[in-house]
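Report on the following structure.
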Amino acid sequence: MTGPLDGLRVIDLTTVFSGPYTTVLLGDLGADVIKVESPGGDVVRFIGPAPTADMGPLFLTVDRNKRDVCLDLKQPDAREALGRLVEGADVLIHNMRPAAARRIGADPDTTRARNPRLVHCAISGFGSEGPYADLPAYDDVIQAASGIVPLQSSGQDEP
């Protein structure tokens, strides 16, 4: 089945939820999504009861409609393979900290040098610049940093 994004190739370097959910929607709309996983796999593969040890329900939900390739991006040969994937892609999406993206060659400067027409998307908790840019950010960290946690309280334990 084709969709409005048929013919669009997306390189998915995302993990956990925000990124995989973004890219599964692109796949649902017809994009050719190539998910790049580390040798250990996306951590959500192993969460929850699963039909097999590495196919947890969240992984099955947000990683459908994707082709998968395993690359250890700490290795030079794997980073070169990523570069070749980037050359044939329309979009690259990652949810790494900026310094981590630079280390593996997934930053805008490196990827656009190989493919000037590439749309580079970075999902980050604290943005690409500033004092918190290279801090990891998950939902609970963002809630704590923003001060929203007390607002979610029922107020029953307050005097």
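Just so we're on the same page: first chain in the structure tokens is A, next is B, and so on; residues restart at 1 for each chain, and ligands are numbered from 1 in the order they show up.
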
**Report entry** Filtered DSSP result for chain A, state alpha helix (DSSP H), as a ChimeraX atom specification
**Finding:** /A:18-28,57-62,76-87,98-104,108-114,139-146

Write out, as an mmCIF file, in the first residue's frame, the residues just selected, with C-alpha atoms.
```
data_model
loop_
_atom_site.group_PDB
_atom_site.id
_atom_site.type_symbol
_atom_site.label_atom_id
_atom_site.label_comp_id
_atom_site.auth_asym_id
_atom_site.auth_seq_id
_atom_site.Cartn_x
_atom_site.Cartn_y
_atom_site.Cartn_z
ATOM 1 C CA SER A 18 9.461 9.971 21.016
ATOM 2 C CA GLY A 19 11.610 9.201 17.995
ATOM 3 C CA PRO A 20 10.259 5.746 17.136
ATOM 4 C CA TYR A 21 6.709 7.091 17.418
ATOM 5 C CA THR A 22 7.585 9.932 15.038
ATOM 6 C CA THR A 23 9.095 7.602 12.479
ATOM 7 C CA VAL A 24 6.351 4.965 12.699
ATOM 8 C CA LEU A 25 3.872 7.669 11.701
ATOM 9 C CA LEU A 26 6.055 8.475 8.679
ATOM 10 C CA GLY A 27 6.109 4.776 7.807
ATOM 11 C CA ASP A 28 2.340 4.581 8.212
ATOM 12 C CA PRO A 57 4.754 -4.738 22.933
ATOM 13 C CA LEU A 58 5.978 -1.132 22.827
ATOM 14 C CA PHE A 59 8.678 -2.055 20.310
ATOM 15 C CA LEU A 60 6.140 -3.866 18.144
ATOM 16 C CA THR A 61 3.870 -0.819 18.292
ATOM 17 C CA VAL A 62 6.377 1.910 17.397
ATOM 18 C CA PRO A 76 34.521 3.632 11.848
ATOM 19 C CA ASP A 77 33.199 1.120 9.287
ATOM 20 C CA ALA A 78 29.688 1.396 10.727
ATOM 21 C CA ARG A 79 29.846 5.202 10.654
ATOM 22 C CA GLU A 80 30.849 4.974 6.979
ATOM 23 C CA ALA A 81 27.871 2.672 6.354
ATOM 24 C CA LEU A 82 25.644 5.262 8.028
ATOM 25 C CA GLY A 83 27.137 7.900 5.718
ATOM 26 C CA ARG A 84 26.196 5.803 2.690
ATOM 27 C CA LEU A 85 22.646 5.454 4.021
ATOM 28 C CA VAL A 86 22.501 9.240 4.474
ATOM 29 C CA GLU A 87 23.560 9.778 0.846
ATOM 30 C CA PRO A 98 24.190 16.911 20.278
ATOM 31 C CA ALA A 99 27.642 15.700 21.392
ATOM 32 C CA ALA A 100 26.655 12.057 20.871
ATOM 33 C CA ALA A 101 25.327 12.857 17.383
ATOM 34 C CA ARG A 102 28.631 14.588 16.520
ATOM 35 C CA ARG A 103 30.673 11.608 17.756
ATOM 36 C CA ILE A 104 28.943 9.220 15.341
ATOM 37 C CA PRO A 108 23.748 18.389 10.692
ATOM 38 C CA ASP A 109 27.179 19.481 9.415
ATOM 39 C CA THR A 110 28.429 15.929 8.830
ATOM 40 C CA THR A 111 25.228 14.567 7.307
ATOM 41 C CA ARG A 112 24.604 17.553 5.044
ATOM 42 C CA ALA A 113 28.182 17.366 3.779
ATOM 43 C CA ARG A 114 27.249 13.934 2.393
ATOM 44 C CA ASP A 139 9.923 12.393 30.539
ATOM 45 C CA ASP A 140 10.554 12.210 34.291
ATOM 46 C CA VAL A 141 13.688 14.369 33.990
ATOM 47 C CA ILE A 142 11.837 17.030 31.991
ATOM 48 C CA GLN A 143 8.934 17.024 34.445
ATOM 49 C CA ALA A 144 11.306 17.476 37.390
ATOM 50 C CA ALA A 145 13.370 20.174 35.640
ATOM 51 C CA SER A 146 10.280 22.113 34.601
#
```

Report task. List the neighbours of range 119-133 of chain A out to 7 Å using only C-alpha atoms; skip same-chain residues closer than 2 positions along the sequence, and give me the result as a list in words. Result -> Gly19, Asp90, Val91, Leu92, Ile93, His94, Asn95, Met96, Arg97, Pro98, Pro108, Arg117, Leu135 and Ala137 of chain A

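Of the listed residues (A:Leu151, A:Leu118, A:Asp6, A:Ile47), A:Leu118 comes nearest to Ala106 in chain A; the distances count only C-alpha atoms.
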
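Of the listed residues A:Gly56, A:Ala31, A:Pro51, A:Leu13, the one whose atoms come nearest to Cys70 in chain A is A:Leu13, with distances taken using only C-alpha atoms.
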
Query raised in the report: In terms of the shortest atom-to-atom distance over only C-alpha atoms, which of A:Gly88, A:Gly3, A:Pro136, A:Gly41 is closest to Asp63 in chain A?
Result: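 Result for the nearest residue to Asp63 in chain A: A:Gly41.
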
Query raised in the report: Which value, in Å to one decimal, gives the distance between CA of Thr15 in chain A and CA of Lys66 in chain A?
Result: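 Result for CA of Thr15 in chain A versus CA of Lys66 in chain A: 13.4 Å, one decimal.
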
Report summary line: CA of Leu29 in chain A to CA of Asn65 in chain A measures 9.6 Å

Query - Per-residue DSSP, chain A, filtered to strand (DSSP E or B), as a PyMOL selection string - result: chain A and resi 9-13+32-37+66-70+91-94+119-122

Store the residues picked out above, limited to N, CA and C atoms, as a compact mmCIF listing (two decimals), in the first residue's frame.
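Output saved as part-v3.txt:
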```
# COMPACT_ATOMS: atom_id res chain seq x y z
N ARG A 9 12.62 8.45 1.76
CA ARG A 9 13.44 7.54 2.57
C ARG A 9 13.88 8.26 3.84
N VAL A 10 13.63 7.63 4.98
CA VAL A 10 13.93 8.18 6.30
C VAL A 10 14.93 7.27 7.00
N ILE A 11 16.01 7.84 7.51
CA ILE A 11 16.95 7.11 8.35
C ILE A 11 16.58 7.41 9.79
N ASP A 12 16.26 6.36 10.53
CA ASP A 12 15.76 6.46 11.90
C ASP A 12 16.86 6.03 12.87
N LEU A 13 17.44 7.01 13.58
CA LEU A 13 18.45 6.72 14.60
C LEU A 13 17.88 6.94 16.00
N ASP A 32 9.68 5.06 3.38
CA ASP A 32 10.57 3.92 3.58
C ASP A 32 11.47 4.28 4.75
N VAL A 33 11.20 3.68 5.91
CA VAL A 33 11.93 4.01 7.13
C VAL A 33 12.96 2.91 7.40
N ILE A 34 14.22 3.32 7.53
CA ILE A 34 15.29 2.39 7.86
C ILE A 34 15.75 2.70 9.27
N LYS A 35 15.43 1.81 10.19
CA LYS A 35 15.82 1.99 11.59
C LYS A 35 17.21 1.42 11.79
N VAL A 36 18.10 2.24 12.36
CA VAL A 36 19.47 1.82 12.66
C VAL A 36 19.52 1.55 14.16
N GLU A 37 19.81 0.29 14.50
CA GLU A 37 19.90 -0.09 15.92
C GLU A 37 21.33 -0.49 16.26
N LYS A 66 8.98 -0.61 9.35
CA LYS A 66 10.37 -0.16 9.23
C LYS A 66 11.25 -1.33 8.81
N ARG A 67 12.29 -1.00 8.06
CA ARG A 67 13.35 -1.97 7.83
C ARG A 67 14.40 -1.71 8.90
N ASP A 68 15.14 -2.72 9.25
CA ASP A 68 16.06 -2.61 10.37
C ASP A 68 17.47 -2.99 9.94
N VAL A 69 18.44 -2.23 10.43
CA VAL A 69 19.85 -2.57 10.20
C VAL A 69 20.58 -2.38 11.53
N CYS A 70 21.49 -3.27 11.82
CA CYS A 70 22.27 -3.20 13.05
C CYS A 70 23.65 -2.65 12.72
N VAL A 91 15.49 12.17 4.68
CA VAL A 91 15.34 12.66 6.06
C VAL A 91 16.17 11.79 6.99
N LEU A 92 16.80 12.41 7.98
CA LEU A 92 17.44 11.69 9.07
C LEU A 92 16.83 12.21 10.36
N ILE A 93 16.43 11.29 11.22
CA ILE A 93 15.84 11.67 12.51
C ILE A 93 16.61 10.96 13.61
N HIS A 94 17.01 11.72 14.62
CA HIS A 94 17.64 11.10 15.80
C HIS A 94 17.14 11.80 17.05
N VAL A 119 16.97 16.52 5.02
CA VAL A 119 16.26 17.17 6.11
C VAL A 119 16.74 16.50 7.39
N HIS A 120 17.38 17.25 8.26
CA HIS A 120 17.96 16.73 9.50
C HIS A 120 17.05 17.10 10.66
N CYS A 121 16.52 16.10 11.35
CA CYS A 121 15.62 16.34 12.48
C CYS A 121 16.24 15.79 13.75
N ALA A 122 16.35 16.63 14.77
CA ALA A 122 16.88 16.20 16.05
C ALA A 122 15.83 16.45 17.12
```

Tell me, as a PDB file with N, CA and C atoms, in the first residue's frame, which residues lie within 12 Å of Asp54 in chain A, counting only C-alpha atoms; anything in the same chain fewer than 6 positions away does not count.
```
ATOM      1  N   GLY A  40      23.044  -3.991  20.727  1.00  0.00           N
ATOM      2  CA  GLY A  40      22.192  -4.364  21.855  1.00  0.00           C
ATOM      3  C   GLY A  40      20.713  -4.173  21.582  1.00  0.00           C
ATOM      4  N   GLY A  41      20.379  -3.450  20.535  1.00  0.00           N
ATOM      5  CA  GLY A  41      18.980  -3.191  20.189  1.00  0.00           C
ATOM      6  C   GLY A  41      18.389  -2.043  20.985  1.00  0.00           C
ATOM      7  N   ASP A  42      17.287  -1.525  20.500  1.00  0.00           N
ATOM      8  CA  ASP A  42      16.547  -0.471  21.197  1.00  0.00           C
ATOM      9  C   ASP A  42      16.063  -1.034  22.531  1.00  0.00           C
ATOM     10  N   VAL A  43      16.220  -0.269  23.606  1.00  0.00           N
ATOM     11  CA  VAL A  43      15.862  -0.771  24.934  1.00  0.00           C
ATOM     12  C   VAL A  43      14.394  -1.186  25.041  1.00  0.00           C
ATOM     13  N   VAL A  44      13.516  -0.593  24.246  1.00  0.00           N
ATOM     14  CA  VAL A  44      12.096  -0.950  24.365  1.00  0.00           C
ATOM     15  C   VAL A  44      11.806  -2.335  23.794  1.00  0.00           C
ATOM     16  N   ARG A  45      12.749  -2.935  23.104  1.00  0.00           N
ATOM     17  CA  ARG A  45      12.559  -4.319  22.649  1.00  0.00           C
ATOM     18  C   ARG A  45      12.294  -5.248  23.832  1.00  0.00           C
ATOM     19  N   PHE A  46      12.824  -4.900  24.984  1.00  0.00           N
ATOM     20  CA  PHE A  46      12.865  -5.816  26.118  1.00  0.00           C
ATOM     21  C   PHE A  46      11.894  -5.437  27.242  1.00  0.00           C
ATOM     22  N   ILE A  47      11.015  -4.479  27.001  1.00  0.00           N
ATOM     23  CA  ILE A  47      10.079  -4.031  28.030  1.00  0.00           C
ATOM     24  C   ILE A  47       8.742  -4.739  27.856  1.00  0.00           C
ATOM     25  N   GLY A  48       8.270  -5.327  28.935  1.00  0.00           N
ATOM     26  CA  GLY A  48       6.939  -5.932  28.950  1.00  0.00           C
ATOM     27  C   GLY A  48       6.907  -7.365  28.462  1.00  0.00           C
ATOM     28  N   LEU A  60       6.974  -3.428  19.262  1.00  0.00           N
ATOM     29  CA  LEU A  60       6.140  -3.866  18.144  1.00  0.00           C
ATOM     30  C   LEU A  60       5.192  -2.756  17.692  1.00  0.00           C
TER      31      LEU A  60
END
```

**Report entry** Atom-to-atom span, CA of Asp72 in chain A and CA of Pro39 in chain A, Å
**Finding:** 6.0 Å
